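Content type TSV, C-alpha atoms, from the file entry-v8.tsv:
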```tsv
chain	number	residue	atom	x	y	z
A	1	MET	CA	168.19	92.75	88.09
A	2	LEU	CA	166.35	89.97	89.90
A	3	SER	CA	165.38	86.93	87.96
A	4	THR	CA	162.48	84.70	88.84
A	5	PRO	CA	162.73	80.99	88.13
A	6	PRO	CA	160.12	79.83	85.58
A	7	LYS	CA	158.34	77.53	88.08
A	8	VAL	CA	157.94	80.33	90.61
A	9	ALA	CA	156.73	82.75	87.93
A	10	SER	CA	154.20	80.18	86.69
A	11	ALA	CA	152.95	79.54	90.22
A	12	LEU	CA	152.59	83.27	90.91
A	13	LEU	CA	150.74	83.78	87.63
A	14	TYR	CA	148.43	80.88	88.48
A	15	ILE	CA	147.69	82.31	91.95
A	16	VAL	CA	147.00	85.79	90.58
A	17	LEU	CA	144.67	84.37	87.91
A	18	ALA	CA	142.87	82.17	90.45
A	19	LEU	CA	142.34	85.16	92.76
A	20	ALA	CA	141.15	87.35	89.92
A	21	ILE	CA	138.67	84.75	88.69
A	22	SER	CA	137.34	83.98	92.17
A	23	SER	CA	136.81	87.65	92.97
A	24	CYS	CA	134.88	88.31	89.77
A	25	SER	CA	131.49	87.24	91.06
A	26	GLN	CA	128.45	88.01	89.01
A	27	LEU	CA	126.10	90.33	90.92
A	28	ALA	CA	123.17	90.04	88.49
A	29	PRO	CA	122.04	87.76	85.69
A	30	ARG	CA	123.25	88.50	82.18
A	31	TYR	CA	121.14	90.66	79.89
A	32	ASP	CA	118.96	88.59	77.56
A	33	ALA	CA	117.92	90.62	74.50
A	34	GLU	CA	115.37	88.00	73.43
A	35	LEU	CA	113.74	87.98	76.87
A	36	TYR	CA	113.54	91.78	76.88
A	37	SER	CA	112.04	91.76	73.37
A	38	ASP	CA	109.47	89.13	74.40
A	39	LEU	CA	108.60	91.19	77.50
A	40	THR	CA	107.94	94.31	75.43
A	41	GLU	CA	105.85	92.25	72.99
A	42	VAL	CA	103.69	90.67	75.70
A	43	ASN	CA	103.36	94.09	77.34
A	44	ALA	CA	101.81	95.44	74.12
A	45	GLU	CA	99.47	92.43	73.99
A	46	LEU	CA	98.44	93.03	77.61
A	47	MET	CA	97.66	96.68	76.94
A	48	GLN	CA	95.61	95.74	73.85
A	49	PHE	CA	93.68	93.22	75.93
A	50	PHE	CA	93.02	95.74	78.69
A	51	SER	CA	91.88	98.24	76.08
A	52	SER	CA	89.40	95.69	74.69
A	53	VAL	CA	87.78	95.19	78.11
A	54	SER	CA	88.20	98.72	79.49
A	55	HIS	CA	84.46	99.46	79.41
A	56	GLY	CA	83.72	96.35	81.42
A	57	THR	CA	82.48	92.89	80.51
A	58	ASN	CA	79.58	90.61	81.23
A	59	LYS	CA	79.56	86.99	82.22
A	60	GLU	CA	77.73	85.92	79.07
A	61	SER	CA	80.51	87.09	76.74
A	62	TYR	CA	83.34	85.51	78.73
A	63	ALA	CA	83.81	82.68	76.21
A	64	LYS	CA	85.03	85.25	73.65
A	65	ARG	CA	87.89	86.25	76.00
A	66	ASP	CA	88.77	82.86	77.46
A	67	GLN	CA	91.54	82.07	74.95
A	68	ASN	CA	93.03	85.57	75.33
A	69	TYR	CA	93.39	85.04	79.08
A	70	HIS	CA	95.01	81.65	78.65
A	71	ALA	CA	97.39	82.87	75.93
A	72	LEU	CA	98.53	85.85	78.00
A	73	ILE	CA	98.91	83.86	81.22
A	74	GLY	CA	100.85	81.17	79.38
A	75	LYS	CA	103.23	83.72	77.83
A	76	ILE	CA	103.79	85.46	81.16
A	77	ASP	CA	104.48	82.14	82.93
A	78	ALA	CA	106.90	81.09	80.16
A	79	LEU	CA	108.77	84.42	80.46
A	80	ALA	CA	109.01	84.01	84.25
A	81	MET	CA	110.48	80.55	83.74
A	82	GLN	CA	112.89	81.85	81.09
A	83	SER	CA	114.01	84.70	83.34
A	84	ASN	CA	114.51	82.31	86.25
A	85	THR	CA	116.88	80.04	84.29
A	86	ARG	CA	119.72	82.57	84.33
A	87	PRO	CA	122.39	82.12	87.00
A	88	MET	CA	122.28	84.37	90.05
A	89	PRO	CA	125.08	85.23	92.49
A	90	ASN	CA	125.71	82.64	95.17
A	91	LYS	CA	123.93	82.84	98.53
A	92	ASP	CA	126.93	84.30	100.36
A	93	ILE	CA	127.19	87.23	97.95
A	94	LEU	CA	123.41	87.82	98.08
A	95	LYS	CA	123.60	87.80	101.89
A	96	LYS	CA	126.39	90.41	101.84
A	97	ILE	CA	124.45	92.58	99.38
A	98	ASN	CA	121.29	92.35	101.51
A	99	ASN	CA	123.23	93.09	104.74
A	100	TYR	CA	124.75	96.16	103.14
A	101	LEU	CA	121.36	97.33	101.81
A	102	SER	CA	119.78	96.80	105.24
A	103	SER	CA	122.55	98.81	106.90
A	104	THR	CA	121.86	101.74	104.58
A	105	GLY	CA	118.15	101.65	105.34
A	106	ALA	CA	117.27	100.61	101.78
A	107	ASP	CA	113.93	98.85	101.50
A	108	ILE	CA	115.16	96.47	98.78
A	109	LEU	CA	116.30	92.91	99.30
A	110	PHE	CA	117.47	90.49	96.63
A	111	ASN	CA	116.17	86.94	96.66
A	112	GLU	CA	117.63	83.92	94.95
A	113	GLN	CA	115.87	84.77	91.68
A	114	PRO	CA	115.84	87.84	89.44
A	115	PRO	CA	113.32	90.52	90.50
A	116	SER	CA	111.61	90.22	87.10
A	117	VAL	CA	110.52	86.68	88.02
A	118	ASN	CA	108.52	87.93	91.02
A	119	SER	CA	107.01	90.71	88.92
A	120	LEU	CA	105.95	88.27	86.21
A	121	LYS	CA	104.45	85.91	88.80
A	122	LYS	CA	102.40	88.82	90.17
A	123	ILE	CA	101.13	89.59	86.65
A	124	SER	CA	100.13	85.95	86.17
A	125	SER	CA	98.34	85.95	89.52
A	126	SER	CA	96.50	89.20	88.69
A	127	LEU	CA	95.40	87.87	85.30
A	128	ASN	CA	94.20	84.61	86.88
A	129	ARG	CA	92.13	86.50	89.45
A	130	MET	CA	90.77	88.78	86.72
A	131	ARG	CA	89.90	85.78	84.53
A	132	LYS	CA	88.07	84.08	87.41
A	133	GLU	CA	86.05	87.19	88.24
A	134	ASP	CA	85.27	87.81	84.56
A	135	GLU	CA	84.07	84.21	84.17
A	136	ASP	CA	82.00	84.26	87.38
A	137	LYS	CA	80.25	87.61	87.10
A	138	GLY	CA	81.85	89.87	84.50
A	139	LEU	CA	83.94	92.97	85.20
A	140	ARG	CA	82.98	96.56	85.87
A	141	SER	CA	85.21	99.18	84.24
A	142	THR	CA	86.60	100.24	87.64
A	143	ILE	CA	87.65	96.66	88.40
A	144	VAL	CA	89.35	96.41	84.99
A	145	ALA	CA	91.25	99.61	85.79
A	146	LEU	CA	92.40	98.18	89.13
A	147	PHE	CA	93.66	94.97	87.53
A	148	LYS	CA	95.35	96.98	84.79
A	149	ASN	CA	97.10	99.12	87.41
A	150	GLU	CA	98.44	96.00	89.17
A	151	VAL	CA	99.73	94.61	85.88
A	152	VAL	CA	101.26	97.92	84.74
A	153	ILE	CA	103.20	98.32	88.00
A	154	SER	CA	104.57	94.78	87.86
A	155	MET	CA	105.38	94.97	84.14
A	156	ASP	CA	107.16	98.28	84.67
A	157	GLN	CA	109.30	96.63	87.37
A	158	ALA	CA	110.15	93.68	85.11
A	159	LEU	CA	110.97	95.87	82.09
A	160	THR	CA	113.01	98.30	84.20
A	161	TYR	CA	115.06	95.51	85.77
A	162	GLU	CA	115.66	93.69	82.48
A	163	SER	CA	116.63	96.90	80.66
A	164	PHE	CA	118.99	97.78	83.54
A	165	LEU	CA	120.92	94.58	82.84
A	166	ASN	CA	121.77	95.95	79.36
A	167	ARG	CA	124.62	98.12	80.60
```

Write-out of the structure in structure tokens:
Amino acid sequence: MLSTPPKVASALLYIVLALAISSCSQLAPRYDAELYSDLTEVNAELMQFFSSVSHGTNKESYAKRDQNYHALIGKIDALAMQSNTRPMPNKDILKKINNYLSSTGADILFNEQPPSVNSLKKISSSLNRMRKEDEDKGLRSTIVALFKNEVVISMDQALTYESFLNR
């Protein structure tokens, strides 16, 4: 039976552990149950707001909705910031992932922030444009439906990505 001197065994163990740790790169941010819960809550608030204006609005009644816009936009921006604080894989790993995806013809590329951040920023932008148009001239029901569609698509992307992380 071969025996390994303690110093050699310790060195080998250290090398194996170092290799194992260095090869365990995180490919996505960690799941955040509170963030997901807050997303589903603000989603319900958004749908309630869209329901309240679904028949259209007029410029004269904008003041009644002003605080709703600001509250929703503020919550969405805070969630985007919260989502963006989680660590992402390093640039080299992202580059390898994107190269692989490009080679397969996939039309998806990962940036240096979670996809939910971009989706939340799009929602904030849509709500800001909607608020401005509502304030300036009011909204027809068809315009409300278009803004709602933009928000629903982006919120679906954010919720889908965040729920995917809970695996």

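Neighbouring residues of Tyr62 of chain A at 9 Å or closer, counting only C-alpha atoms and skipping chain neighbours under 2 positions away, are A:Thr57, A:Asn58, A:Lys59, A:Glu60, A:Lys64, A:Arg65, A:Asp66, A:Arg131, A:Asp134, A:Glu135, A:Asp136, A:Gly138.
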
TODO: Using atom CA of Ser141 of chain A and atom CA of Gln157 of chain A as the two end points, give the distance in Å to one decimal.
DONE: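 Value for the atom CA of Ser141 of chain A-atom CA of Gln157 of chain A distance: 24.4 Å.
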
- [ ] Would you mind telling me which residue in A:Lys91, A:Val53, A:Tyr161, A:Arg86 lies nearest to Tyr69 of chain A when using only C-alpha atoms?
- [x] A:Val53

Open item on the list: Between A:Arg30, A:Lys137, A:His55, A:Lys96, which residue has the minimum interatomic distance to Asn84 of chain A, considering only C-alpha atoms?
Closed with: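 Looking at the shortest contact to Asn84 of chain A, the residue is A:Arg30.
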
Using only C-alpha atoms and a cutoff of 12 Å, can you tell me which residues are near (121.4, 96.4, 78.8) in the file's coordinates, and write them out as a PDB file with C-alpha atoms, in the frame of the given file?
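Written out: selection-v1.pdb:
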```
ATOM      1  CA  ALA A  28     123.170  90.040  88.490  1.00  0.00           C
ATOM      2  CA  PRO A  29     122.040  87.760  85.690  1.00  0.00           C
ATOM      3  CA  ARG A  30     123.250  88.500  82.180  1.00  0.00           C
ATOM      4  CA  TYR A  31     121.140  90.660  79.890  1.00  0.00           C
ATOM      5  CA  ASP A  32     118.960  88.590  77.560  1.00  0.00           C
ATOM      6  CA  ALA A  33     117.920  90.620  74.500  1.00  0.00           C
ATOM      7  CA  GLU A  34     115.370  88.000  73.430  1.00  0.00           C
ATOM      8  CA  LEU A  35     113.740  87.980  76.870  1.00  0.00           C
ATOM      9  CA  TYR A  36     113.540  91.780  76.880  1.00  0.00           C
ATOM     10  CA  SER A  37     112.040  91.760  73.370  1.00  0.00           C
ATOM     11  CA  LEU A 159     110.970  95.870  82.090  1.00  0.00           C
ATOM     12  CA  THR A 160     113.010  98.300  84.200  1.00  0.00           C
ATOM     13  CA  TYR A 161     115.060  95.510  85.770  1.00  0.00           C
ATOM     14  CA  GLU A 162     115.660  93.690  82.480  1.00  0.00           C
ATOM     15  CA  SER A 163     116.630  96.900  80.660  1.00  0.00           C
ATOM     16  CA  PHE A 164     118.990  97.780  83.540  1.00  0.00           C
ATOM     17  CA  LEU A 165     120.920  94.580  82.840  1.00  0.00           C
ATOM     18  CA  ASN A 166     121.770  95.950  79.360  1.00  0.00           C
ATOM     19  CA  ARG A 167     124.620  98.120  80.600  1.00  0.00           C
TER      20      ARG A 167
END
```

- [ ] Just give me the gap between atom CA of Lys121 of chain A and atom CA of Leu72 of chain A in Å, one decimal is fine.
- [x]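 Atom-to-atom, atom CA of Lys121 of chain A to atom CA of Leu72 of chain A, that is 12.3 Å.
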
- [ ] Find the spatial neighbours of Val42 of chain A, counting all atoms listed in the file, within a cut-off of 12 Å - ignore same-chain residues fewer than 6 positions away - and output them as a ChimeraX atom specification.
- [x] /A:35-36,48-49,68,71-79,120,123,151-152,155,158-159

Task: Atom pair atom CA of Ser119 of chain A / atom CA of Ser154 of chain A: separation (Å) - done: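 One can read the atom CA of Ser119 of chain A to atom CA of Ser154 of chain A distance as 4.9 Å.
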